[in-house]
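J.: Dropping in entry.tsv, which is TSV, C-alpha atoms:
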```tsv
chain	number	residue	atom	x	y	z
A	1	MET	CA	0.44	-10.89	54.42
A	2	ILE	CA	1.76	-7.33	54.78
A	3	TYR	CA	-0.27	-4.68	52.97
A	4	THR	CA	1.46	-1.62	51.53
A	5	GLU	CA	0.61	1.16	49.08
A	6	ALA	CA	2.60	-0.74	46.45
A	7	SER	CA	0.73	-4.01	47.04
A	8	MET	CA	-2.71	-2.35	47.04
A	9	ASP	CA	-2.24	-0.17	43.94
A	10	PRO	CA	-2.58	-3.09	41.46
A	11	LEU	CA	-5.84	-4.11	43.17
A	12	ARG	CA	-7.37	-0.82	41.98
A	13	GLN	CA	-7.00	-1.91	38.36
A	14	ALA	CA	-8.36	-5.46	38.70
A	15	GLY	CA	-12.00	-6.48	38.28
A	16	ASP	CA	-13.56	-9.95	38.09
A	17	GLU	CA	-12.49	-11.73	34.90
A	18	LEU	CA	-15.20	-14.41	34.83
A	19	ALA	CA	-18.16	-12.15	35.63
A	20	ASP	CA	-16.86	-9.31	33.44
A	21	ALA	CA	-16.56	-11.62	30.41
A	22	THR	CA	-20.07	-12.97	31.01
A	23	VAL	CA	-21.65	-9.53	31.22
A	24	ALA	CA	-19.74	-8.23	28.19
A	25	ALA	CA	-21.07	-11.14	26.14
A	26	LEU	CA	-24.66	-10.62	27.35
A	27	PHE	CA	-24.60	-6.94	26.41
A	28	ALA	CA	-22.88	-7.59	23.08
A	29	ARG	CA	-25.58	-10.10	22.14
A	30	GLY	CA	-28.47	-7.99	23.46
A	31	GLU	CA	-29.47	-10.75	25.87
A	32	VAL	CA	-29.54	-8.84	29.18
A	33	GLY	CA	-33.32	-8.43	29.21
A	34	LYS	CA	-33.85	-12.11	28.46
A	35	PHE	CA	-31.34	-13.08	31.14
A	36	ASN	CA	-33.00	-10.90	33.79
A	37	THR	CA	-36.46	-12.26	33.00
A	38	LEU	CA	-35.37	-15.88	33.23
A	39	MET	CA	-33.24	-15.34	36.33
A	40	ARG	CA	-36.30	-14.23	38.26
A	41	TYR	CA	-37.22	-17.91	38.28
A	42	VAL	CA	-33.82	-18.99	39.64
A	43	SER	CA	-33.93	-18.28	43.36
A	44	THR	CA	-32.89	-21.55	45.00
A	45	ALA	CA	-29.73	-23.63	44.66
A	46	GLY	CA	-30.07	-26.90	42.77
A	47	ALA	CA	-33.12	-25.80	40.81
A	48	PRO	CA	-33.02	-26.62	37.08
A	49	LEU	CA	-31.90	-23.67	34.97
A	50	PRO	CA	-34.73	-22.33	32.79
A	51	ASP	CA	-34.92	-23.13	29.10
A	52	GLY	CA	-33.79	-20.32	26.86
A	53	LEU	CA	-31.07	-19.06	29.18
A	54	PRO	CA	-28.17	-17.63	27.10
A	55	ASP	CA	-25.31	-20.12	26.80
A	56	VAL	CA	-22.76	-17.73	28.30
A	57	ALA	CA	-25.01	-17.20	31.33
A	58	ARG	CA	-25.59	-20.93	31.73
A	59	GLU	CA	-21.82	-21.56	31.68
A	60	TYR	CA	-21.27	-18.85	34.31
A	61	LEU	CA	-24.02	-20.19	36.59
A	62	GLU	CA	-22.69	-23.73	36.37
A	63	ALA	CA	-19.12	-22.58	37.10
A	64	THR	CA	-20.19	-20.63	40.19
A	65	SER	CA	-22.80	-23.04	41.56
A	66	VAL	CA	-20.66	-24.52	44.34
A	67	PRO	CA	-18.76	-22.93	47.23
A	68	PRO	CA	-14.94	-23.04	47.36
A	69	ALA	CA	-13.46	-26.47	48.05
A	70	TRP	CA	-11.59	-25.11	51.07
A	71	VAL	CA	-14.70	-24.16	53.08
A	72	ASP	CA	-14.62	-25.40	56.69
A	73	TRP	CA	-18.27	-26.24	57.43
A	74	GLY	CA	-17.61	-26.39	61.16
A	75	GLU	CA	-16.54	-22.74	61.06
A	76	MET	CA	-19.59	-21.83	58.99
A	77	GLU	CA	-21.87	-23.40	61.59
A	78	LYS	CA	-20.10	-21.44	64.34
A	79	ALA	CA	-20.68	-18.28	62.28
A	80	ARG	CA	-24.37	-19.10	61.93
A	81	LEU	CA	-24.77	-19.58	65.67
A	82	PHE	CA	-22.85	-16.33	66.28
A	83	PHE	CA	-25.28	-14.55	63.95
A	84	ILE	CA	-28.33	-16.05	65.67
A	85	ASP	CA	-26.98	-14.93	69.04
A	86	ASN	CA	-26.25	-11.39	67.84
A	87	ASN	CA	-28.55	-10.84	64.87
A	88	VAL	CA	-30.17	-7.62	66.06
A	89	HIS	CA	-26.77	-6.14	66.97
A	90	ILE	CA	-25.28	-7.22	63.63
A	91	SER	CA	-28.21	-5.64	61.79
A	92	THR	CA	-27.61	-2.42	63.74
A	93	ALA	CA	-23.91	-2.48	62.85
A	94	LEU	CA	-24.58	-3.16	59.16
A	95	SER	CA	-27.09	-0.30	58.97
A	96	PHE	CA	-25.39	2.36	61.07
A	97	ALA	CA	-21.67	1.56	60.70
A	98	SER	CA	-21.00	-0.49	57.56
A	99	MET	CA	-23.18	1.55	55.21
A	100	PRO	CA	-21.95	4.97	56.45
A	101	ALA	CA	-18.39	3.64	56.14
A	102	CYS	CA	-19.08	3.03	52.45
A	103	TYR	CA	-20.29	6.61	52.14
A	104	VAL	CA	-17.16	8.05	53.77
A	105	VAL	CA	-15.07	6.67	50.88
A	106	PRO	CA	-15.74	9.34	48.21
A	107	HIS	CA	-15.24	7.20	45.11
A	108	VAL	CA	-17.52	4.48	46.54
A	109	ALA	CA	-20.20	7.07	47.33
A	110	LYS	CA	-19.78	8.44	43.81
A	111	LEU	CA	-20.19	4.96	42.35
A	112	LEU	CA	-23.32	4.24	44.40
A	113	SER	CA	-24.81	7.56	43.31
A	114	ALA	CA	-23.93	7.02	39.64
A	115	THR	CA	-25.34	3.50	39.41
A	116	HIS	CA	-28.23	3.24	41.85
A	117	GLY	CA	-29.24	6.88	41.89
A	118	LEU	CA	-30.27	8.67	45.07
A	119	LYS	CA	-33.96	7.80	44.92
A	120	TYR	CA	-34.04	4.29	46.35
A	121	PRO	CA	-31.86	3.97	49.48
A	122	SER	CA	-34.09	1.18	50.80
A	123	LYS	CA	-33.17	-1.08	47.87
A	124	ARG	CA	-29.48	-1.31	48.73
A	125	MET	CA	-30.20	-1.73	52.44
A	126	ALA	CA	-32.80	-4.41	51.70
A	127	GLU	CA	-30.43	-6.25	49.37
A	128	THR	CA	-27.67	-6.21	51.99
A	129	GLY	CA	-29.98	-7.38	54.78
A	130	GLN	CA	-31.58	-10.11	52.69
A	131	PHE	CA	-28.18	-11.30	51.46
A	132	THR	CA	-26.91	-11.63	55.06
A	133	VAL	CA	-30.03	-13.50	56.16
A	134	TYR	CA	-29.67	-15.93	53.23
A	135	LEU	CA	-26.00	-16.51	54.15
A	136	MET	CA	-26.78	-17.36	57.77
A	137	ARG	CA	-29.57	-19.87	57.12
A	138	PRO	CA	-28.79	-23.54	57.89
A	139	ASP	CA	-29.41	-24.49	54.23
A	140	ALA	CA	-27.44	-21.57	52.74
A	141	PHE	CA	-25.23	-23.80	50.55
A	142	GLU	CA	-27.57	-26.75	50.15
A	143	ALA	CA	-30.12	-27.56	47.47
A	144	GLY	CA	-33.08	-25.28	48.08
A	145	GLY	CA	-30.96	-22.58	49.74
A	146	ARG	CA	-31.14	-19.03	48.47
A	147	PHE	CA	-27.62	-17.79	49.14
A	148	ILE	CA	-25.74	-19.19	46.14
A	149	PRO	CA	-28.15	-17.77	43.51
A	150	ALA	CA	-28.08	-14.42	45.33
A	151	ALA	CA	-24.26	-14.41	45.28
A	152	GLN	CA	-24.21	-15.32	41.60
A	153	LYS	CA	-26.53	-12.42	40.80
A	154	VAL	CA	-24.66	-9.90	42.96
A	155	ARG	CA	-21.41	-10.84	41.21
A	156	LEU	CA	-23.00	-10.20	37.80
A	157	LEU	CA	-24.54	-6.98	39.10
A	158	HIS	CA	-21.08	-5.71	40.03
A	159	ALA	CA	-19.75	-6.71	36.62
A	160	SER	CA	-22.63	-4.93	34.85
A	161	ILE	CA	-21.85	-1.73	36.74
A	162	ARG	CA	-18.18	-1.94	35.74
A	163	HIS	CA	-19.17	-2.56	32.13
A	164	HIS	CA	-21.65	0.30	32.06
A	165	LEU	CA	-19.46	2.97	33.66
A	166	VAL	CA	-16.41	2.19	31.53
A	167	ARG	CA	-18.33	1.80	28.25
A	168	GLU	CA	-20.23	5.05	28.76
A	169	ASN	CA	-17.05	6.87	29.82
A	170	ARG	CA	-18.70	7.82	33.12
A	171	TRP	CA	-15.75	6.79	35.28
A	172	ASP	CA	-12.23	8.17	35.43
A	173	THR	CA	-10.33	4.88	35.59
A	174	GLY	CA	-6.99	6.70	35.44
A	175	THR	CA	-7.72	8.50	38.71
A	176	LEU	CA	-10.23	6.21	40.42
A	177	GLY	CA	-9.18	2.80	39.12
A	178	THR	CA	-11.59	0.13	37.87
A	179	PRO	CA	-15.15	0.53	39.23
A	180	ILE	CA	-15.81	-2.01	42.01
A	181	CYS	CA	-12.17	-3.07	41.76
A	182	GLN	CA	-10.54	-5.79	43.86
A	183	GLU	CA	-9.39	-3.26	46.48
A	184	ASP	CA	-12.95	-1.97	46.91
A	185	MET	CA	-14.44	-5.47	46.96
A	186	ILE	CA	-12.04	-6.45	49.72
A	187	GLY	CA	-12.76	-3.15	51.46
A	188	GLY	CA	-16.48	-3.92	51.33
A	189	GLN	CA	-15.80	-7.37	52.76
A	190	MET	CA	-13.95	-5.69	55.64
A	191	PHE	CA	-16.83	-3.23	56.22
A	192	PHE	CA	-19.31	-6.11	56.55
A	193	SER	CA	-17.08	-8.27	58.73
A	194	MET	CA	-14.24	-6.50	60.58
A	195	LEU	CA	-16.15	-3.24	61.03
A	196	VAL	CA	-19.24	-5.11	62.25
A	197	LEU	CA	-17.12	-6.79	64.93
A	198	ASP	CA	-15.65	-3.40	65.88
A	199	SER	CA	-19.17	-2.01	66.16
A	200	LEU	CA	-20.37	-4.85	68.37
A	201	HIS	CA	-17.39	-4.11	70.60
A	202	ARG	CA	-18.38	-0.41	70.76
A	203	LEU	CA	-21.92	-1.46	71.67
A	204	GLY	CA	-20.56	-3.50	74.57
A	205	ILE	CA	-21.53	-6.88	73.12
A	206	HIS	CA	-19.68	-9.81	74.69
A	207	MET	CA	-18.18	-12.00	71.97
A	208	SER	CA	-15.99	-15.05	72.16
A	209	ALA	CA	-12.81	-14.95	70.09
A	210	GLU	CA	-14.01	-18.17	68.47
A	211	GLY	CA	-17.32	-16.58	67.43
A	212	ALA	CA	-15.65	-13.44	66.05
A	213	ASP	CA	-13.18	-15.53	64.03
A	214	ALA	CA	-16.01	-17.62	62.61
A	215	TYR	CA	-18.06	-14.58	61.59
A	216	PHE	CA	-15.03	-13.12	59.81
A	217	TYR	CA	-14.43	-16.50	58.15
A	218	ALA	CA	-17.99	-16.60	56.80
A	219	TRP	CA	-17.40	-13.29	55.01
A	220	ARG	CA	-14.17	-14.70	53.57
A	221	VAL	CA	-16.36	-17.36	51.97
A	222	VAL	CA	-18.73	-14.64	50.75
A	223	GLY	CA	-15.81	-12.76	49.19
A	224	ALA	CA	-14.71	-15.87	47.33
A	225	MET	CA	-18.25	-16.38	46.01
A	226	LEU	CA	-18.31	-12.76	44.83
A	227	GLY	CA	-15.07	-12.99	42.86
A	228	VAL	CA	-12.58	-11.58	45.38
A	229	ASP	CA	-8.95	-12.50	44.65
A	230	GLN	CA	-8.08	-15.05	47.34
A	231	ASP	CA	-4.37	-14.34	47.00
A	232	ALA	CA	-4.95	-10.73	48.07
A	233	VAL	CA	-7.69	-11.00	50.68
A	234	PRO	CA	-6.88	-10.94	54.45
A	235	LYS	CA	-6.91	-14.41	55.98
A	236	SER	CA	-7.07	-13.37	59.64
A	237	LEU	CA	-8.45	-10.60	61.83
A	238	ASP	CA	-4.95	-9.18	62.24
A	239	GLU	CA	-4.49	-8.95	58.48
A	240	ALA	CA	-8.02	-7.54	58.17
A	241	ARG	CA	-7.19	-4.79	60.64
A	242	GLN	CA	-4.08	-3.84	58.67
A	243	PHE	CA	-5.94	-3.81	55.35
A	244	LEU	CA	-8.88	-1.80	56.69
A	245	ASP	CA	-6.67	0.81	58.34
A	246	LEU	CA	-4.59	1.31	55.19
A	247	TYR	CA	-7.67	1.31	52.96
A	248	MET	CA	-9.25	4.08	55.02
A	249	ILE	CA	-6.01	6.09	55.11
A	250	ARG	CA	-5.87	5.89	51.33
A	251	HIS	CA	-9.45	6.83	50.58
A	252	MET	CA	-11.70	8.19	53.35
A	253	GLY	CA	-12.91	11.79	53.30
A	254	PRO	CA	-15.94	14.03	52.77
A	255	SER	CA	-17.97	14.18	49.56
A	256	GLU	CA	-21.26	15.60	48.37
A	257	GLU	CA	-22.43	12.13	47.34
A	258	GLY	CA	-21.53	10.68	50.74
A	259	THR	CA	-23.49	13.40	52.51
A	260	HIS	CA	-26.51	12.86	50.29
A	261	LEU	CA	-26.50	9.08	50.70
A	262	THR	CA	-26.19	9.44	54.47
A	263	ARG	CA	-29.15	11.82	54.59
A	264	GLN	CA	-31.16	9.29	52.59
A	265	LEU	CA	-30.16	6.55	55.04
A	266	ILE	CA	-31.18	8.62	58.07
A	267	ASP	CA	-34.50	9.60	56.49
A	268	LEU	CA	-35.19	5.97	55.59
A	269	TYR	CA	-34.74	4.68	59.13
A	270	GLU	CA	-36.58	7.59	60.69
A	271	GLU	CA	-39.49	6.52	58.51
A	272	VAL	CA	-39.13	2.88	59.57
A	273	VAL	CA	-39.02	3.73	63.31
A	274	PRO	CA	-42.63	4.34	64.49
A	275	GLY	CA	-43.45	7.89	65.59
A	276	THR	CA	-40.96	10.74	65.86
A	277	LEU	CA	-39.73	10.56	69.48
A	278	PHE	CA	-36.93	8.12	68.65
A	279	ASP	CA	-35.94	9.61	65.26
A	280	PRO	CA	-32.77	11.25	66.64
A	281	ILE	CA	-31.46	7.88	67.79
A	282	VAL	CA	-30.67	7.02	64.15
A	283	SER	CA	-28.19	9.90	63.83
A	284	ALA	CA	-26.88	9.26	67.33
A	285	LEU	CA	-26.13	5.60	66.57
A	286	ILE	CA	-24.28	6.48	63.37
A	287	ARG	CA	-22.19	9.10	65.19
A	288	HIS	CA	-21.45	6.68	68.03
A	289	LEU	CA	-20.35	3.87	65.70
A	290	VAL	CA	-18.34	5.75	63.06
A	291	GLY	CA	-16.96	8.54	65.27
A	292	ASP	CA	-17.26	12.29	65.19
A	293	THR	CA	-14.77	12.93	62.40
A	294	CYS	CA	-16.50	10.66	59.88
A	295	ALA	CA	-19.94	11.71	61.12
A	296	ASP	CA	-19.03	15.37	60.55
A	297	TRP	CA	-17.78	14.57	57.04
A	298	LEU	CA	-21.14	12.92	56.35
A	299	GLN	CA	-22.98	15.84	58.02
A	300	VAL	CA	-24.72	13.57	60.51
A	301	PRO	CA	-26.64	15.95	62.78
A	302	ARG	CA	-25.77	16.16	66.45
A	303	THR	CA	-28.73	15.40	68.71
A	304	THR	CA	-29.65	15.24	72.37
A	305	TRP	CA	-29.51	11.45	72.02
A	306	ASP	CA	-25.75	11.45	71.41
A	307	THR	CA	-25.11	11.11	75.15
A	308	VAL	CA	-27.98	8.67	75.71
A	309	VAL	CA	-26.65	6.27	73.08
A	310	LYS	CA	-23.38	5.96	74.95
A	311	ALA	CA	-25.35	4.19	77.69
A	312	VAL	CA	-26.43	1.45	75.25
A	313	PRO	CA	-23.55	-0.89	76.24
A	314	HIS	CA	-24.71	-0.79	79.87
A	315	LEU	CA	-28.28	-1.66	78.89
A	316	LEU	CA	-27.11	-4.48	76.65
A	317	GLY	CA	-24.93	-5.74	79.48
A	318	VAL	CA	-28.00	-6.08	81.68
A	319	LEU	CA	-29.86	-7.94	78.93
A	320	GLU	CA	-26.92	-10.27	78.37
A	321	THR	CA	-26.81	-11.05	82.09
A	322	VAL	CA	-30.47	-12.09	81.89
A	323	GLU	CA	-29.67	-14.17	78.82
A	324	ASP	CA	-26.73	-15.94	80.47
A	325	ARG	CA	-28.61	-16.79	83.66
A	326	SER	CA	-31.99	-17.75	82.30
A	327	PRO	CA	-32.65	-20.26	79.47
A	328	LEU	CA	-36.11	-18.75	79.08
A	329	GLY	CA	-34.62	-15.26	78.96
A	330	ALA	CA	-32.08	-16.41	76.37
A	331	TRP	CA	-34.85	-17.88	74.22
A	332	ALA	CA	-36.94	-14.73	74.54
A	333	LEU	CA	-34.06	-12.40	73.61
A	334	ASP	CA	-32.97	-14.55	70.67
A	335	ARG	CA	-36.56	-14.60	69.45
A	336	LEU	CA	-36.82	-10.84	69.87
A	337	GLY	CA	-33.61	-10.39	67.89
A	338	HIS	CA	-34.93	-12.60	65.11
A	339	LEU	CA	-38.23	-10.76	64.96
A	340	THR	CA	-36.48	-7.38	64.99
A	341	THR	CA	-34.29	-8.42	62.05
A	342	VAL	CA	-37.25	-9.80	60.11
A	343	LEU	CA	-39.32	-6.67	60.84
A	344	GLN	CA	-36.49	-4.42	59.69
A	345	LEU	CA	-36.03	-6.40	56.49
A	346	SER	CA	-39.77	-6.51	55.84
A	347	SER	CA	-40.00	-2.73	56.29
A	348	LEU	CA	-37.17	-2.16	53.81
A	349	THR	CA	-38.40	-4.60	51.17
A	350	ARG	CA	-42.09	-3.75	51.57
A	351	GLY	CA	-42.60	-7.52	51.52
A	352	ARG	CA	-40.88	-8.00	48.13
A	353	VAL	CA	-38.02	-10.38	47.34
A	354	MET	CA	-34.88	-8.65	46.01
A	355	HIS	CA	-33.78	-10.21	42.71
A	356	TYR	CA	-30.36	-8.54	42.28
A	357	ALA	CA	-30.98	-8.11	38.57
A	358	ILE	CA	-28.84	-6.08	36.19
A	359	PRO	CA	-30.27	-2.59	36.83
A	360	GLU	CA	-33.23	-1.45	34.75
A	361	GLN	CA	-31.45	1.89	34.31
A	362	LEU	CA	-28.63	0.14	32.44
A	363	LYS	CA	-31.05	-1.82	30.26
A	364	LYS	CA	-32.82	1.38	29.23
A	365	GLU	CA	-29.58	3.16	28.42
A	366	TYR	CA	-28.56	0.28	26.16
A	367	GLY	CA	-32.00	0.15	24.54
A	368	ILE	CA	-32.75	-3.31	25.92
A	369	SER	CA	-36.35	-4.22	26.56
A	370	GLU	CA	-37.13	-6.29	28.84
A	371	ALA	CA	-23.99	-18.83	69.19
A	372	PRO	CA	-21.01	-20.51	70.64
A	373	PRO	CA	-20.50	-20.37	74.49
A	374	ARG	CA	-19.03	-17.09	75.76
A	375	THR	CA	-15.69	-18.29	77.08
A	376	HIS	CA	-13.33	-15.41	76.43
A	377	ARG	CA	-14.45	-11.96	75.43
A	378	TRP	CA	-13.25	-10.92	71.97
A	379	THR	CA	-11.32	-7.67	71.79
A	380	PRO	CA	-10.14	-5.93	68.61
A	381	PRO	CA	-6.50	-6.48	67.67
A	382	THR	CA	-4.28	-3.50	68.48
A	383	ALA	CA	-2.96	-1.72	65.41
A	384	THR	CA	0.23	0.34	65.40
A	385	VAL	CA	-1.49	3.08	63.42
A	386	SER	CA	-5.26	3.16	63.45
A	387	THR	CA	-7.39	5.56	61.47
A	388	ARG	CA	-10.67	3.70	61.66
A	389	PRO	CA	-13.59	5.93	62.70
A	390	LYS	CA	-13.60	6.71	66.42
A	391	ALA	CA	-15.94	8.53	68.75
A	392	HIS	CA	-14.34	11.31	70.77
```
What is this structure when it is put down as structure tokens?
T.:
Amino acid sequence: MIYTEASMDPLRQAGDELADATVAALFARGEVGKFNTLMRYVSTAGAPLPDGLPDVAREYLEATSVPPAWVDWGEMEKARLFFIDNNVHISTALSFASMPACYVVPHVAKLLSATHGLKYPSKRMAETGQFTVYLMRPDAFEAGGRFIPAAQKVRLLHASIRHHLVRENRWDTGTLGTPICQEDMIGGQMFFSMLVLDSLHRLGIHMSAEGADAYFYAWRVVGAMLGVDQDAVPKSLDEARQFLDLYMIRHMGPSEEGTHLTRQLIDLYEEVVPGTLFDPIVSALIRHLVGDTCADWLQVPRTTWDTVVKAVPHLLGVLETVEDRSPLGAWALDRLGHLTTVLQLSSLTRGRVMHYAIPEQLKKEYGISEAPPRTHRWTPPTATVSTRPKAH
């Protein structure tokens, strides 16, 4: 598929018909509080739906309870192994590349500020991290797995935000398009897949082409579960590159909201990292992964660690050599990566489970109570025109 301005413009006006209709009905009937309360008890796939669940919500949950029929489970297993092999690096990329990339799109930063506020940056990071961990578990799509209920709730969360901003006239749809429109949902899918692979490449991580393809494929499945239009979404890494480059050309730039969200992100991780000696590494990693232009737009401070971070690929190369040559070393590093990811998630959630409920803020405003073998190293496809963030 070839992406152009003309083909992407209609995506700015499109939302998610199924989820939008469900949320509109819940709000119209004053059943959001009841829905949120009951959904706290729905956390695993295959569990019986609670009594008293609104009919419209029950119909939505039944319609979205299975993955797409086209899913290739062999590819999903390859993606899971790729994640296990690179989990700490993927967590780094999600935190210090994917999230800042969201903030460098002004209307996305504006939306995040308008709906989640600026007080709880850990909530969005924890939700993203927990969602990814659920996706990459062996039982993600089986009875007892947590991914499908999480995806169902995230999809309704997006719909509730669209409903709220449009109903309250807090969003200029003429200029900005529909909140969390199809273009932005696909853009988010690219940030969490294509941009993560780019970031691993910048960190010097050796990836097989097979593993990279599988990881991208897994996020295609995620997009389908979250209501992304499968006729419009990139089907390959080459198409993903084209979409991401054009998306960033169309939208990236500085904004007050983006700067504020980035400052919150930096402060959050400086708090998570013990002591103060390594605090500057947070800013240095962001600058290294998104590039100086985007980092300057987000007012990421320059630090003495900026040069040190550039040596990270060499250090990781040494560790990967140990991993390749020693089964015990491979086990130890995989275990360390797992523990690092769990520790990071635990720090962000403070030990709580994220429920992805329709935001309390909206309820109040409406008066409602209640790894595969490393055969060939993966390299990013070459784009004719590339505007993705670069380091200089």
J.: Find, counting all atoms listed in the file, the residue in A:Val105, A:Ala159, A:Ala21, A:Val300 that gets nearest to Glu59 in chain A.
T.: A:Ala21
J.: Could you tell me which of A:Ser208, A:Ser95, A:Gln230, A:Ser236 comes closest to Leu268 in chain A if we count all atoms listed in the file?
T.: A:Ser95
J.: For a quick check of your reading of the model, name the residues lying within 12 Å of the coordinate (-9.0, -5.0, 59.3), counting all atoms listed in the file, and write them as an mmCIF file with C-alpha atoms, keeping the file's coordinate frame.
T.:
```
data_model
loop_
_atom_site.group_PDB
_atom_site.id
_atom_site.type_symbol
_atom_site.label_atom_id
_atom_site.label_comp_id
_atom_site.auth_asym_id
_atom_site.auth_seq_id
_atom_site.Cartn_x
_atom_site.Cartn_y
_atom_site.Cartn_z
ATOM 1 C CA ILE A 2 1.760 -7.330 54.780
ATOM 2 C CA TYR A 3 -0.270 -4.680 52.970
ATOM 3 C CA ILE A 186 -12.040 -6.450 49.720
ATOM 4 C CA GLY A 187 -12.760 -3.150 51.460
ATOM 5 C CA GLY A 188 -16.480 -3.920 51.330
ATOM 6 C CA GLN A 189 -15.800 -7.370 52.760
ATOM 7 C CA MET A 190 -13.950 -5.690 55.640
ATOM 8 C CA PHE A 191 -16.830 -3.230 56.220
ATOM 9 C CA PHE A 192 -19.310 -6.110 56.550
ATOM 10 C CA SER A 193 -17.080 -8.270 58.730
ATOM 11 C CA MET A 194 -14.240 -6.500 60.580
ATOM 12 C CA LEU A 195 -16.150 -3.240 61.030
ATOM 13 C CA VAL A 196 -19.240 -5.110 62.250
ATOM 14 C CA LEU A 197 -17.120 -6.790 64.930
ATOM 15 C CA ASP A 198 -15.650 -3.400 65.880
ATOM 16 C CA PHE A 216 -15.030 -13.120 59.810
ATOM 17 C CA VAL A 233 -7.690 -11.000 50.680
ATOM 18 C CA PRO A 234 -6.880 -10.940 54.450
ATOM 19 C CA LYS A 235 -6.910 -14.410 55.980
ATOM 20 C CA SER A 236 -7.070 -13.370 59.640
ATOM 21 C CA LEU A 237 -8.450 -10.600 61.830
ATOM 22 C CA ASP A 238 -4.950 -9.180 62.240
ATOM 23 C CA GLU A 239 -4.490 -8.950 58.480
ATOM 24 C CA ALA A 240 -8.020 -7.540 58.170
ATOM 25 C CA ARG A 241 -7.190 -4.790 60.640
ATOM 26 C CA GLN A 242 -4.080 -3.840 58.670
ATOM 27 C CA PHE A 243 -5.940 -3.810 55.350
ATOM 28 C CA LEU A 244 -8.880 -1.800 56.690
ATOM 29 C CA ASP A 245 -6.670 0.810 58.340
ATOM 30 C CA LEU A 246 -4.590 1.310 55.190
ATOM 31 C CA TYR A 247 -7.670 1.310 52.960
ATOM 32 C CA MET A 248 -9.250 4.080 55.020
ATOM 33 C CA PRO A 380 -10.140 -5.930 68.610
ATOM 34 C CA PRO A 381 -6.500 -6.480 67.670
ATOM 35 C CA THR A 382 -4.280 -3.500 68.480
ATOM 36 C CA ALA A 383 -2.960 -1.720 65.410
ATOM 37 C CA VAL A 385 -1.490 3.080 63.420
ATOM 38 C CA SER A 386 -5.260 3.160 63.450
ATOM 39 C CA THR A 387 -7.390 5.560 61.470
ATOM 40 C CA ARG A 388 -10.670 3.700 61.660
#
```
J.: So which residues touch Met99 in chain A within 12 Å, counting all atoms listed in the file, skipping near sequence neighbours fewer than 6 positions away, as a PyMOL selection string?
T.: chain A and resi 91-93+105+108-109+112+121-122+124-126+128-129+188-192+195-196+258+261-266+286+289-290+298
J.: If you count all atoms listed in the file, which residues fall within 6 Å of Arg12 in chain A, apart from same-chain ones fewer than 5 positions away, as number ranges by chain?
T.: A: 177-178, 181, 183
J.: What does the structure give for the distance between CA of Ala25 in chain A and CA of Met39 in chain A, in Å to one decimal?
T.: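 Computed distance, CA of Ala25 in chain A to CA of Met39 in chain A, equals 16.4 Å.
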J.: Suppose you want the space between CA of Met136 in chain A and CA of Asp16 in chain A; what is it in Å?
T.: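 CA of Asp16 in chain A lies 24.8 Å from CA of Met136 in chain A.
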J.: Tell me, as a PyMOL selection string, which residues lie within 8 Å of Val104 in chain A, counting only C-alpha atoms; anything in the same chain fewer than 3 positions away does not count.
T.: chain A and resi 100-101+109+252-255+258+294+297-298
J.: Report, in Å to a single decimal, how far apart CA of Ala295 in chain A and CA of Glu256 in chain A are.
T.: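 That distance, rounded to one decimal, is 13.4 Å.
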J.: Quick one: which range 184-213 of chain A residues come within 9 Å of range 64-85 of chain A, and what is the nearest atom pair for each with the distance in Å to one decimal, counting only C-alpha atoms, rows ordered by chain and ascending number, as a Markdown table?
T.:
```
| residue | atom | partner | partner_atom | distance |
| --- | --- | --- | --- | --- |
| A:Met207 | CA | A:Phe82 | CA | 8.5 |
| A:Glu210 | CA | A:Lys78 | CA | 8.1 |
| A:Gly211 | CA | A:Phe82 | CA | 5.7 |
| A:Ala212 | CA | A:Phe82 | CA | 7.8 |
| A:Asp213 | CA | A:Ala79 | CA | 8.2 |
```
J.: Under the rule that all atoms listed in the file are counted, which of A:Leu156, A:Ile180, A:Leu135, A:Leu38 is the nearest residue to Leu53 in chain A?
T.: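 That would be A:Leu38, the residue with the smallest distance to Leu53 in chain A.
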J.: Smallest atom-to-atom distance to Met225 in chain A: which of A:Gly52, A:Gly291, A:Pro10, A:Pro149, using only C-alpha atoms?
T.: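 Of all the options, A:Pro149 lies closest to Met225 in chain A.
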J.: What lies within 7 Å of Thr44 in chain A using only C-alpha atoms, ignoring chain neighbours under 2 positions off, as a list in words?
T.: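 Answer for this query is Val42, Gly46, Ala47, Gly144, Gly145, Arg146 and Pro149 of chain A.
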J.: Of the residues A:Met185, A:Ile281, A:Leu200, A:Leu226, which is the one nearest to Leu94 in chain A, using only C-alpha atoms?
T.: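 Of the candidates, the smallest distance to Leu94 in chain A is held by A:Leu200.
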J.: Which residue, A:Pro54, A:Pro280, A:Pro301, A:Gly227, has the smallest gap to Gln182 in chain A when you use all atoms listed in the file?
T.: A:Gly227
J.: Which centre and which edge lengths, in Å to one decimal, describe the axis-aligned box that holds all listed atoms of range 49-66 of chain A after 8 Å is added on each side, as lines of an AutoDock Vina configuration file?
T.:
```
center_x = -27.0
center_y = -20.9
center_z = 35.6
size_x = 31.8
size_y = 23.3
size_z = 33.5
```
J.: Counting only C-alpha atoms, what is within 10 Å of Leu165 in chain A, bar same-chain residues fewer than 4 positions away, as an NGL selection string?
T.: :A and (111 or 114-115 or 160-161 or 169-173 or 178-179 or 362)
J.: Write the selection just made, keeping C-alpha atoms, as a short mmCIF file (atom, residue, chain, number, x, y, z; two decimals), keeping the file's coordinate frame?
T.:
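Written file, out_4.cif:
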```cif
data_model
loop_
_atom_site.label_atom_id
_atom_site.label_comp_id
_atom_site.auth_asym_id
_atom_site.auth_seq_id
_atom_site.Cartn_x
_atom_site.Cartn_y
_atom_site.Cartn_z
CA LEU A 111 -20.19 4.96 42.35
CA ALA A 114 -23.93 7.02 39.64
CA THR A 115 -25.34 3.50 39.41
CA SER A 160 -22.63 -4.93 34.85
CA ILE A 161 -21.85 -1.73 36.74
CA ASN A 169 -17.05 6.87 29.82
CA ARG A 170 -18.70 7.82 33.12
CA TRP A 171 -15.75 6.79 35.28
CA ASP A 172 -12.23 8.17 35.43
CA THR A 173 -10.33 4.88 35.59
CA THR A 178 -11.59 0.13 37.87
CA PRO A 179 -15.15 0.53 39.23
CA LEU A 362 -28.63 0.14 32.44
#
```
